[in-house]
$ cat entry-v5.csv   # CSV, C-alpha atoms (C1' of nucleotides)
chain,number,residue,atom,x,y,z
G,202,MET,CA,88.2,89.5,51.6
G,203,ALA,CA,88.5,85.9,52.7
G,204,ILE,CA,86.0,83.4,51.4
G,205,ASP,CA,83.7,81.2,53.4
G,206,HIS,CA,82.5,77.7,52.8
G,207,LEU,CA,79.7,78.6,50.4
G,208,ASP,CA,82.0,80.8,48.3
G,209,GLY,CA,84.4,77.8,48.1
G,210,ARG,CA,81.7,75.5,46.9
G,211,ILE,CA,80.6,78.0,44.3
G,212,ILE,CA,84.2,78.3,43.0
G,213,LEU,CA,84.7,74.5,43.1
G,214,LEU,CA,81.5,74.0,41.2
G,215,LEU,CA,82.4,76.6,38.6
G,216,ALA,CA,85.8,75.0,38.2
G,217,ARG,CA,84.4,71.6,37.6
G,218,GLU,CA,81.5,72.6,35.3
G,219,PRO,CA,82.0,76.2,34.0
G,220,ARG,CA,78.8,76.0,32.0
G,221,VAL,CA,76.4,75.7,34.9
G,222,GLY,CA,74.2,78.7,35.3
G,223,VAL,CA,73.3,80.5,38.4
G,224,LEU,CA,70.0,78.7,38.7
G,225,GLU,CA,71.6,75.3,38.4
G,226,MET,CA,74.2,76.2,40.9
G,227,SER,CA,71.6,77.3,43.4
G,228,ARG,CA,69.9,73.9,43.0
G,229,ARG,CA,73.1,72.0,43.5
G,230,LEU,CA,74.2,74.0,46.5
G,231,GLY,CA,70.8,74.0,48.1
G,232,VAL,CA,70.5,77.8,48.4
G,233,ALA,CA,68.4,80.4,46.7
G,234,ARG,CA,69.2,81.7,43.3
G,235,GLY,CA,69.6,85.3,44.6
G,236,THR,CA,72.2,84.1,47.1
G,237,VAL,CA,74.4,82.5,44.5
G,238,GLN,CA,74.0,85.6,42.4
G,239,ALA,CA,75.0,87.9,45.2
G,240,ARG,CA,77.9,85.7,46.2
G,241,LEU,CA,79.2,85.6,42.6
G,242,ASP,CA,78.9,89.4,42.2
G,243,ARG,CA,80.8,89.8,45.5
G,244,LEU,CA,83.5,87.3,44.5
G,245,GLN,CA,84.0,89.2,41.2
G,246,SER,CA,84.1,92.7,42.7
G,247,ASN,CA,86.3,91.4,45.4
G,248,GLY,CA,88.7,90.3,42.8
G,249,VAL,CA,88.8,86.8,44.0
G,250,ILE,CA,87.4,85.7,40.7
G,251,ARG,CA,89.1,87.7,38.0
G,252,GLY,CA,87.0,86.4,35.2
G,253,PHE,CA,86.0,83.5,33.1
G,254,GLY,CA,88.2,84.0,30.1
G,255,PRO,CA,88.9,81.0,27.9
G,256,GLN,CA,91.8,78.9,28.9
G,257,VAL,CA,93.9,78.5,25.8
G,258,ASP,CA,96.4,75.7,25.4
G,259,PRO,CA,99.6,77.1,23.7
G,260,ALA,CA,100.5,73.5,22.6
G,261,ALA,CA,97.2,73.3,20.7
G,262,LEU,CA,98.1,76.6,19.1
G,263,GLY,CA,101.3,75.2,17.7
G,264,TYR,CA,103.6,76.1,20.6
G,265,PRO,CA,104.3,72.9,22.4
G,266,VAL,CA,107.6,73.9,23.9
G,267,THR,CA,107.7,75.8,27.2
G,268,ALA,CA,110.7,77.2,28.9
G,269,PHE,CA,111.6,79.4,31.8
G,270,ALA,CA,114.3,82.0,31.5
G,271,THR,CA,116.1,83.6,34.3
G,272,LEU,CA,117.4,87.0,33.3
G,273,GLN,CA,120.0,89.3,34.8
G,274,ILE,CA,119.4,92.9,34.1
G,275,ARG,CA,121.8,95.8,33.9
G,276,GLN,CA,121.2,98.3,36.7
G,277,GLY,CA,118.6,100.9,35.8
G,278,GLN,CA,117.4,99.1,32.7
G,279,GLY,CA,114.5,97.3,34.3
G,280,ALA,CA,111.8,99.4,32.8
G,281,ASP,CA,113.2,99.1,29.4
G,282,VAL,CA,113.5,95.3,29.6
G,283,ARG,CA,110.0,95.0,30.9
G,284,ALA,CA,108.7,97.0,28.0
G,285,HIS,CA,110.7,95.0,25.6
G,286,LEU,CA,109.5,91.6,26.9
G,287,ALA,CA,105.9,92.7,26.9
G,288,THR,CA,106.1,93.1,23.1
G,289,VAL,CA,107.2,89.5,22.6
G,290,PRO,CA,104.1,87.3,22.1
G,291,GLU,CA,106.0,84.2,23.1
G,292,VAL,CA,106.6,85.7,26.6
G,293,LEU,CA,103.6,84.4,28.5
G,294,GLU,CA,104.5,85.9,31.8
G,295,LEU,CA,107.2,87.9,33.4
G,296,HIS,CA,108.1,88.3,37.1
G,297,THR,CA,110.8,90.4,38.8
G,298,THR,CA,112.3,88.3,41.6
G,299,THR,CA,114.8,88.3,44.4
G,300,GLY,CA,117.6,85.8,44.3
G,301,THR,CA,120.0,84.6,41.6
G,302,GLY,CA,118.4,86.4,38.7
G,303,ASP,CA,116.5,89.6,38.4
G,304,MET,CA,113.6,88.4,36.3
G,305,LEU,CA,111.9,85.1,35.5
G,306,CYS,CA,109.9,84.7,32.4
G,307,ARG,CA,107.8,81.9,30.8
G,308,LEU,CA,108.3,81.3,27.1
G,309,VAL,CA,106.7,79.1,24.5
G,310,ALA,CA,108.0,78.2,21.1
G,311,ARG,CA,107.0,76.0,18.1
G,312,SER,CA,109.9,73.7,18.6
G,313,ASN,CA,113.3,73.4,20.3
G,314,ALA,CA,114.8,75.0,17.3
G,315,ASP,CA,112.3,77.8,17.4
G,316,LEU,CA,113.0,78.3,21.0
G,317,GLN,CA,116.4,79.5,19.9
G,318,ARG,CA,114.8,82.2,17.9
G,319,VAL,CA,112.5,83.2,20.8
G,320,ILE,CA,115.4,83.4,23.2
G,321,ASP,CA,117.5,85.4,20.8
G,322,ARG,CA,114.6,87.8,20.5
G,323,VAL,CA,114.2,88.0,24.2
G,324,VAL,CA,117.8,88.4,25.2
G,325,GLY,CA,118.8,90.4,22.1
G,326,PHE,CA,118.2,93.5,24.1
G,327,ASP,CA,120.7,95.8,25.5
G,328,GLY,CA,119.7,95.8,29.2
G,329,ILE,CA,119.9,92.0,29.5
G,330,VAL,CA,123.3,90.9,30.8
G,331,ARG,CA,122.8,87.2,31.0
G,332,ALA,CA,120.1,84.6,30.6
G,333,SER,CA,119.8,81.1,31.7
G,334,THR,CA,117.0,78.9,30.3
G,335,ALA,CA,115.4,75.8,31.6
G,336,ILE,CA,113.3,73.8,29.1
G,337,VAL,CA,110.2,72.2,30.5
G,338,MET,CA,110.0,68.5,29.8
G,339,GLU,CA,107.0,67.5,31.8
G,340,ASN,CA,104.3,69.3,33.7
G,341,PRO,CA,103.2,66.9,36.5
G,342,VAL,CA,101.2,69.6,38.2
G,343,PRO,CA,99.5,72.0,35.7
G,344,LEU,CA,98.6,75.4,37.0
G,345,ARG,CA,95.9,74.9,39.5
G,346,ILE,CA,94.0,76.7,42.2
G,347,ILE,CA,91.4,74.3,43.5
G,348,PRO,CA,93.4,72.9,46.4
G,349,LEU,CA,94.2,76.4,47.6
G,350,VAL,CA,90.5,77.4,47.3
G,351,GLU,CA,89.6,74.3,49.4
G,352,GLN,CA,92.1,75.2,52.0
G,353,ALA,CA,91.0,78.9,52.1
G,354,ALA,CA,87.4,77.9,52.3
G,355,LEU,CA,88.0,75.5,55.2
G,356,GLY,CA,90.4,77.7,57.2
G,357,GLU,CA,87.8,80.5,57.5
C,29,MET,CA,94.9,72.0,14.7
C,30,ALA,CA,96.0,75.5,13.9
C,31,ILE,CA,93.4,78.2,14.1
C,32,ASP,CA,92.3,80.6,11.4
C,33,HIS,CA,91.3,84.2,11.6
C,34,LEU,CA,87.7,83.7,12.7
C,35,ASP,CA,88.9,81.3,15.5
C,36,GLY,CA,91.2,84.0,16.6
C,37,ARG,CA,88.5,86.6,16.7
C,38,ILE,CA,86.3,84.3,18.7
C,39,ILE,CA,89.0,83.7,21.3
C,40,LEU,CA,89.8,87.3,21.4
C,41,LEU,CA,86.2,88.3,21.9
C,42,LEU,CA,85.8,85.7,24.6
C,43,ALA,CA,88.9,86.9,26.4
C,44,ARG,CA,87.7,90.5,26.4
C,45,GLU,CA,84.1,89.8,27.3
C,46,PRO,CA,83.7,86.3,28.7
C,47,ARG,CA,80.0,86.9,29.3
C,48,VAL,CA,78.9,87.3,25.7
C,49,GLY,CA,76.8,84.4,24.4
C,50,VAL,CA,77.0,82.7,21.1
C,51,LEU,CA,74.2,84.8,19.6
C,52,GLU,CA,75.9,88.0,20.6
C,53,MET,CA,79.2,86.8,19.3
C,54,SER,CA,77.7,85.9,15.9
C,55,ARG,CA,76.3,89.4,15.7
C,56,ARG,CA,79.6,91.0,16.5
C,57,LEU,CA,81.6,88.8,14.2
C,58,GLY,CA,79.1,89.1,11.4
C,59,VAL,CA,78.6,85.4,10.9
C,60,ALA,CA,75.7,83.0,11.5
C,61,ARG,CA,75.1,81.7,15.0
C,62,GLY,CA,75.6,78.1,13.9
C,63,THR,CA,79.0,79.0,12.7
C,64,VAL,CA,80.1,80.4,16.0
C,65,GLN,CA,78.7,77.4,17.7
C,66,ALA,CA,80.5,75.0,15.4
C,67,ARG,CA,83.8,76.8,15.8
C,68,LEU,CA,83.5,76.9,19.5
C,69,ASP,CA,82.7,73.2,19.7
C,70,ARG,CA,85.7,72.5,17.5
C,71,LEU,CA,88.0,74.7,19.5
C,72,GLN,CA,87.0,72.9,22.6
C,73,SER,CA,87.3,69.4,21.3
C,74,ASN,CA,90.6,70.4,19.6
C,75,GLY,CA,91.8,71.3,23.1
C,76,VAL,CA,92.7,74.8,21.9
C,77,ILE,CA,90.2,76.1,24.5
C,78,ARG,CA,90.5,73.9,27.6
C,79,GLY,CA,87.6,75.5,29.4
C,80,PHE,CA,86.1,78.6,31.0
C,81,GLY,CA,86.9,77.9,34.6
C,82,PRO,CA,87.0,80.9,37.0
C,83,GLN,CA,90.3,82.6,37.2
C,84,VAL,CA,91.0,82.9,40.9
C,85,ASP,CA,93.5,85.4,42.3
C,86,PRO,CA,95.5,83.8,45.1
C,87,ALA,CA,96.3,87.2,46.5
C,88,ALA,CA,92.5,87.9,47.0
C,89,LEU,CA,92.3,84.5,48.7
C,90,GLY,CA,94.9,85.6,51.3
C,91,TYR,CA,98.0,84.3,49.5
C,92,PRO,CA,99.7,87.5,48.2
C,93,VAL,CA,103.3,86.1,48.1
C,94,THR,CA,104.4,84.1,45.1
C,95,ALA,CA,107.7,82.4,44.7
C,96,PHE,CA,109.5,80.0,42.3
C,97,ALA,CA,111.5,77.2,43.7
C,98,THR,CA,114.1,75.3,41.7
C,99,LEU,CA,114.6,71.8,43.1
C,100,GLN,CA,117.3,69.2,42.7
C,101,ILE,CA,116.1,65.7,43.0
C,102,ARG,CA,117.9,62.6,44.1
C,103,GLN,CA,118.2,60.2,41.2
C,104,GLY,CA,115.2,57.9,41.0
C,105,GLN,CA,113.1,59.8,43.4
C,106,GLY,CA,111.3,61.9,40.8
C,107,ALA,CA,107.9,60.1,41.0
C,108,ASP,CA,107.9,60.3,44.8
C,109,VAL,CA,108.7,64.0,44.8
C,110,ARG,CA,106.0,64.7,42.2
C,111,ALA,CA,103.4,62.9,44.3
C,112,HIS,CA,104.6,64.8,47.4
C,113,LEU,CA,104.4,68.2,45.8
C,114,ALA,CA,101.0,67.4,44.3
C,115,THR,CA,99.6,67.1,47.8
C,116,VAL,CA,100.7,70.6,48.9
C,117,PRO,CA,98.0,73.2,48.1
C,118,GLU,CA,100.4,76.0,47.9
C,119,VAL,CA,102.2,74.4,45.0
C,120,LEU,CA,100.3,75.9,42.1
C,121,GLU,CA,102.3,74.2,39.4
C,122,LEU,CA,105.2,72.0,38.9
C,123,HIS,CA,107.5,71.4,35.9
C,124,THR,CA,110.4,69.1,35.3
C,125,THR,CA,113.1,70.9,33.5
C,126,THR,CA,116.4,70.6,31.8
C,127,GLY,CA,119.2,72.8,33.1
C,128,THR,CA,120.4,73.8,36.5
C,129,GLY,CA,117.6,72.2,38.6
C,130,ASP,CA,115.5,69.2,38.0
C,131,MET,CA,112.1,70.8,38.8
C,132,LEU,CA,110.6,74.2,39.0
C,133,CYS,CA,107.6,74.9,41.0
C,134,ARG,CA,105.4,77.9,41.7
C,135,LEU,CA,104.5,78.5,45.3
C,136,VAL,CA,102.2,80.9,47.1
C,137,ALA,CA,102.1,81.9,50.7
C,138,ARG,CA,100.2,84.1,53.1
C,139,SER,CA,103.3,86.2,53.9
C,140,ASN,CA,107.0,86.1,53.7
C,141,ALA,CA,107.1,84.4,57.0
C,142,ASP,CA,104.5,81.9,55.9
C,143,LEU,CA,106.6,81.2,52.8
C,144,GLN,CA,109.1,79.7,55.1
C,145,ARG,CA,106.5,77.2,56.3
C,146,VAL,CA,105.6,76.4,52.7
C,147,ILE,CA,109.1,75.9,51.7
C,148,ASP,CA,109.8,73.7,54.7
C,149,ARG,CA,106.9,71.6,53.7
C,150,VAL,CA,107.9,71.4,50.1
C,151,VAL,CA,111.6,70.6,50.7
C,152,GLY,CA,111.1,68.6,53.8
C,153,PHE,CA,111.0,65.5,51.7
C,154,ASP,CA,113.6,62.9,51.4
C,155,GLY,CA,114.1,63.0,47.6
C,156,ILE,CA,114.9,66.7,47.5
C,157,VAL,CA,118.6,67.4,47.6
C,158,ARG,CA,118.6,71.1,47.3
C,159,ALA,CA,116.2,74.0,46.7
C,160,SER,CA,116.7,77.5,45.6
C,161,THR,CA,113.9,80.0,45.9
C,162,ALA,CA,113.2,83.3,44.1
C,163,ILE,CA,110.5,85.5,45.6
C,164,VAL,CA,108.4,87.4,43.1
C,165,MET,CA,108.4,91.1,43.8
C,166,GLU,CA,106.5,92.4,40.8
C,167,ASN,CA,104.6,90.8,37.9
C,168,PRO,CA,105.0,93.2,35.0
C,169,VAL,CA,103.5,90.7,32.5
C,170,PRO,CA,100.7,88.6,34.1
C,171,LEU,CA,100.0,85.2,32.5
C,172,ARG,CA,98.6,86.0,29.1
C,173,ILE,CA,97.8,84.3,25.9
C,174,ILE,CA,96.2,86.9,23.7
C,175,PRO,CA,99.3,88.1,21.9
C,176,LEU,CA,100.1,84.5,21.0
C,177,VAL,CA,96.6,83.9,19.8
C,178,GLU,CA,96.8,86.9,17.6
C,179,GLN,CA,100.1,85.7,16.1
C,180,ALA,CA,98.7,82.2,15.6
C,181,ALA,CA,95.6,83.5,13.9
C,182,LEU,CA,97.6,85.7,11.6
C,183,GLY,CA,100.2,83.2,10.7
C,184,GLU,CA,97.8,80.7,9.3
Q,166,DC,C1',84.3,68.4,-15.6
Q,167,DC,C1',81.2,66.2,-12.3
Q,168,DA,C1',80.0,64.5,-7.8
Q,169,DA,C1',80.6,64.4,-3.0
Q,170,DT,C1',81.7,66.6,1.2
Q,171,DC,C1',82.0,70.1,4.4
Q,172,DA,C1',81.3,74.7,6.3
Q,173,DT,C1',78.1,78.2,6.4
Q,174,DT,C1',73.7,80.5,6.2
Q,175,DG,C1',69.1,81.9,7.7
Q,176,DG,C1',65.2,80.4,9.7
Q,177,DG,C1',62.0,78.4,13.3
Q,178,DC,C1',60.7,76.1,17.7
Q,179,DA,C1',60.1,75.0,22.6
Q,180,DA,C1',62.4,75.2,26.9
Q,181,DC,C1',65.2,77.4,29.7
Q,182,DC,C1',67.7,81.0,32.0
Q,183,DT,C1',68.8,85.7,33.2
Q,184,DG,C1',68.1,90.2,35.1
Q,185,DC,C1',65.2,92.5,37.9
Q,186,DC,C1',61.8,93.2,41.1
Q,187,DC,C1',59.3,92.4,45.6
Q,188,DA,C1',58.0,91.1,50.6
Q,189,DG,C1',59.1,88.3,54.4
Q,190,DT,C1',62.3,85.9,57.6
Q,191,DC,C1',66.3,85.5,60.4
Q,192,DA,C1',70.6,86.5,63.0
Q,193,DG,C1',73.9,89.5,64.6
Q,194,DA,C1',75.2,94.3,65.8
Q,195,DT,C1',74.1,98.8,68.0
D,46,DA,C1',64.4,96.9,71.1
D,47,DT,C1',65.8,98.3,66.5
D,48,DC,C1',68.4,98.1,62.5
D,49,DT,C1',71.2,96.3,59.1
D,50,DG,C1',72.6,92.7,56.0
D,51,DA,C1',72.0,88.2,54.2
D,52,DC,C1',69.0,84.8,52.6
D,53,DT,C1',64.6,83.0,50.8
D,54,DG,C1',60.8,82.2,47.6
D,55,DG,C1',58.1,83.9,44.2
D,56,DG,C1',56.9,86.3,39.8
D,57,DC,C1',57.7,88.5,35.2
D,58,DA,C1',59.2,89.7,30.5
D,59,DG,C1',62.9,89.3,27.4
D,60,DG,C1',66.6,87.1,25.6
D,61,DT,C1',69.3,83.0,24.8
D,62,DT,C1',70.2,78.3,24.1
D,63,DG,C1',70.0,73.7,22.0
D,64,DC,C1',68.2,71.6,18.3
D,65,DC,C1',66.3,71.0,14.0
D,66,DC,C1',65.9,71.9,8.8
D,67,DA,C1',66.8,73.2,3.8
D,68,DA,C1',69.7,75.8,0.7
D,69,DT,C1',73.9,77.8,-0.7
D,70,DG,C1',78.8,78.1,-1.7
D,71,DA,C1',83.5,76.2,-1.6
D,72,DT,C1',86.7,72.6,-1.8
D,73,DT,C1',88.3,68.2,-3.0
D,74,DG,C1',88.7,63.7,-5.2
D,75,DG,C1',87.4,60.9,-9.1

$ encode --input "entry-v5.csv" --output "structure tokens"
Amino acid sequence: MAIDHLDGRIILLLAREPRVGVLEMSRRLGVARGTVQARLDRLQSNGVIRGFGPQVDPAALGYPVTAFATLQIRQGQGADVRAHLATVPEVLELHTTTGTGDMLCRLVARSNADLQRVIDRVVGFDGIVRASTAIVMENPVPLRIIPLVEQAALGE
Amino acid sequence: MAIDHLDGRIILLLAREPRVGVLEMSRRLGVARGTVQARLDRLQSNGVIRGFGPQVDPAALGYPVTAFATLQIRQGQGADVRAHLATVPEVLELHTTTGTGDMLCRLVARSNADLQRVIDRVVGFDGIVRASTAIVMENPVPLRIIPLVEQAALGE
DNA sequence: CCAATCATTGGGCAACCTGCCCAGTCAGAT
DNA sequence: ATCTGACTGGGCAGGTTGCCCAATGATTGG
């Protein structure tokens, strides 16, 4: 399940230049094409690489405002709340957590004013007792995985 | 900047089957190949599509534990803290926010025990006054963008 | 209303890559 | 010693890409 150095280099290369083909990769990495192909197949069936879907920027889509909402749920309403939130397009992800709240969700909106609409839609649901929202001002470290891949590839 | 229906269908198709080529897409969408190519180029230079990097699963890499940490920062130490957190591979993203805390970051770790090490490393920095961590138990809605793309493609 | 501009179409071309196959080598495990 | 699995290097047909072109709407500004 863990990845070795070559796997790491493949992922790194793909992350930097997603367009490179298997043949070009094999040249850059100094291994045979079949090797890269086999590694890639393995990484994907492993689940290490989930896919190569397009990374879409919500801001460019007209949703420049991001926020995180911590939700407290009425006991036993968890499933209903999950189903509710899954139907809201502006809910980009949802986690159930330990700690202060019961759930944490990432929201986007067209503007700060629009965020109010989104929040109303999110919390306007019976099972949600309380919500506390933190609006994102800056994103100094965008979602990344490379450093972790490097660490995982070295440590094995 | 906004996307139209055809853009939406292109993104949707790419999200479902990242391996399809431009030619196959043009067949499926019933438009000329050049059109799909032009749209794709535009979507990428627009920044709507950031790229097609591999989506790596931290769990498959040996980091099955995810947590969110809310940090309170000593006044004026923001830049230092950002730089510090950027050097920690287990910090997958970092936001500065309004509200209770000053920053919110997503962490991963090899285990709950390992999470302690990560947190120590994260908060073991002078500018951080206080940290409150929420461990993710479940992820009912994994990071997604499709519903938003559909909405954006319809609304324009 | 006309002209200009832009997106789209349909076609063609050479170069390239992919998927698939094979045999041979090599190292580690049994 | 034998076997298994990974890697190599090679070949092949088919499909795709990147690039070009001329022609056709559709939209916009004059």

$ interface_residues --input "entry-v5.csv" --of "chain C" --to "chain Q" --cutoff "10 Å" --atoms "all atoms listed in the file" --output "ChimeraX atom specification"
/C:59-63,66

$ interface_residues --input "entry-v5.csv" --of "chain D" --to "chain C" --cutoff "12 Å" --atoms "all atoms listed in the file" --output "PDB file with C-alpha atoms (C1' of nucleotides), in the coordinates of the input"
ATOM      1  C1'  DG D  60      66.600  87.100  25.600  1.00  0.00           C
ATOM      2  C1'  DT D  61      69.300  83.000  24.800  1.00  0.00           C
ATOM      3  C1'  DT D  62      70.200  78.300  24.100  1.00  0.00           C
ATOM      4  C1'  DG D  63      70.000  73.700  22.000  1.00  0.00           C
ATOM      5  C1'  DC D  64      68.200  71.600  18.300  1.00  0.00           C
ATOM      6  C1'  DC D  65      66.300  71.000  14.000  1.00  0.00           C
TER       7       DC D  65
END

$ closest_atom_pairs --input "entry-v5.csv" --of "chain G" --to "chain C" --cutoff "7 Å" --atoms "all atoms listed in the file" --output "Markdown table"
| residue | atom | partner | partner_atom | distance |
| --- | --- | --- | --- | --- |
| G:Met202 | CA | C:Ala88 | CA | 6.5 |
| G:Ala203 | CA | C:Leu89 | CA | 5.7 |
| G:Ile204 | CA | C:Leu89 | CA | 6.9 |
| G:Leu215 | CA | C:Gly81 | CA | 6.2 |
| G:Ala216 | CA | C:Gly81 | CA | 4.8 |
| G:Pro219 | CA | C:Gly81 | CA | 5.2 |
| G:Gly248 | CA | C:Ala88 | CA | 6.2 |
| G:Val249 | CA | C:Ala88 | CA | 4.9 |
| G:Ile250 | CA | C:Val84 | CA | 4.6 |
| G:Arg251 | CA | C:Gln83 | CA | 5.3 |
| G:Gly252 | CA | C:Gln83 | CA | 5.4 |
| G:Phe253 | CA | C:Pro82 | CA | 4.8 |
| G:Gly254 | CA | C:Ala43 | CA | 4.8 |
| G:Pro255 | CA | C:Phe80 | CA | 4.8 |
| G:Gln256 | CA | C:Arg78 | CA | 5.3 |
| G:Val257 | CA | C:Ile77 | CA | 4.6 |
| G:Asp258 | CA | C:Val76 | CA | 5.2 |
| G:Ala261 | CA | C:Val76 | CA | 4.9 |
| G:Leu262 | CA | C:Ala30 | CA | 5.7 |
| G:Gly263 | CA | C:Ala30 | CA | 6.5 |
| G:Arg283 | CA | C:Pro168 | CA | 6.7 |
| G:Ala287 | CA | C:Val169 | CA | 6.4 |
| G:Pro290 | CA | C:Pro175 | CA | 4.9 |
| G:Glu291 | CA | C:Leu176 | CA | 6.3 |
| G:Leu293 | CA | C:Arg172 | CA | 5.3 |
| G:Glu294 | CA | C:Leu171 | CA | 4.6 |
| G:Leu295 | CA | C:Val169 | CA | 4.7 |
| G:His296 | CA | C:Asn167 | CA | 4.4 |
| G:Thr297 | CA | C:Glu166 | CA | 5.1 |
| G:Thr298 | CA | C:Val164 | CA | 4.3 |
| G:Thr299 | CA | C:Ala162 | CA | 5.3 |
| G:Gly300 | CA | C:Ala162 | CA | 5.1 |
| G:Ala335 | CA | C:Gly127 | CA | 5.1 |
| G:Ile336 | CA | C:Thr126 | CA | 5.2 |
| G:Val337 | CA | C:Thr125 | CA | 4.4 |
| G:Met338 | CA | C:Thr125 | CA | 5.4 |
| G:Glu339 | CA | C:Thr124 | CA | 5.1 |
| G:Asn340 | CA | C:His123 | CA | 4.4 |
| G:Pro341 | CA | C:Leu122 | CA | 6.0 |
| G:Val342 | CA | C:Leu122 | CA | 4.7 |
| G:Pro343 | CA | C:Glu121 | CA | 5.1 |
| G:Leu344 | CA | C:Glu121 | CA | 4.6 |
| G:Arg345 | CA | C:Leu120 | CA | 5.2 |
| G:Ile346 | CA | C:Leu120 | CA | 6.4 |
| G:Pro348 | CA | C:Pro117 | CA | 4.9 |
| G:Leu349 | CA | C:Pro117 | CA | 5.0 |
| G:Ala353 | CA | C:Leu89 | CA | 6.7 |

$ atom_distance --input "entry-v5.csv" --atom1 "atom CA of G:Gln317" --atom2 "atom CA of C:Arg158"
28.7 Å

$ residues_around --input "entry-v5.csv" --residues "C:Asp154" --least-positions-apart "2" --cutoff "9 Å" --atoms "only C-alpha atoms (C1' of nucleotides)" --output "PyMOL selection string"
chain C and resi 102+105+109+151-152+156-157

$ atom_distance --input "entry-v5.csv" --atom1 "atom CA of G:Asp321" --atom2 "atom CA of C:Leu99"
26.3 Å

$ atom_distance --input "entry-v5.csv" --atom1 "atom CA of G:Ile211" --atom2 "atom C1' of D:DG54"
20.5 Å

$ closest_residue --input "entry-v5.csv" --among "G:Ser227, G:Gly277, G:Leu308, G:Arg240" --to "G:Pro265" --atoms "only C-alpha atoms"
G:Leu308

$ build_atoms --input "entry-v5.csv" --residues "stretch 164-176 of chain C" --atoms "N, CA and C atoms" --output "short mmCIF file (atom, residue, chain, number, x, y, z; two decimals), in the coordinates of the input"
data_model
loop_
_atom_site.label_atom_id
_atom_site.label_comp_id
_atom_site.auth_asym_id
_atom_site.auth_seq_id
_atom_site.Cartn_x
_atom_site.Cartn_y
_atom_site.Cartn_z
N VAL C 164 108.84 86.46 44.16
CA VAL C 164 108.40 87.40 43.10
C VAL C 164 108.06 88.74 43.79
N MET C 165 108.64 89.77 43.24
CA MET C 165 108.40 91.10 43.80
C MET C 165 107.29 91.80 42.95
N GLU C 166 107.43 91.71 41.65
CA GLU C 166 106.50 92.40 40.80
C GLU C 166 106.12 91.42 39.67
N ASN C 167 105.01 91.69 39.01
CA ASN C 167 104.60 90.80 37.90
C ASN C 167 104.19 91.71 36.71
N PRO C 168 105.22 92.22 36.05
CA PRO C 168 105.00 93.20 35.00
C PRO C 168 104.13 92.61 33.85
N VAL C 169 104.27 91.33 33.58
CA VAL C 169 103.50 90.70 32.50
C VAL C 169 102.73 89.51 33.17
N PRO C 170 101.48 89.69 33.57
CA PRO C 170 100.70 88.60 34.10
C PRO C 170 100.46 87.55 33.03
N LEU C 171 100.24 86.32 33.44
CA LEU C 171 100.00 85.20 32.50
C LEU C 171 99.02 85.66 31.42
N ARG C 172 99.44 85.55 30.19
CA ARG C 172 98.60 86.00 29.10
C ARG C 172 98.73 85.08 27.90
N ILE C 173 97.76 85.15 27.02
CA ILE C 173 97.80 84.30 25.90
C ILE C 173 97.36 85.02 24.61
N ILE C 174 96.75 86.17 24.82
CA ILE C 174 96.20 86.90 23.70
C ILE C 174 97.21 87.23 22.60
N PRO C 175 98.38 87.76 22.94
CA PRO C 175 99.30 88.10 21.90
C PRO C 175 99.66 86.83 21.03
N LEU C 176 99.75 85.71 21.72
CA LEU C 176 100.10 84.50 21.00
C LEU C 176 98.93 84.05 20.11
#
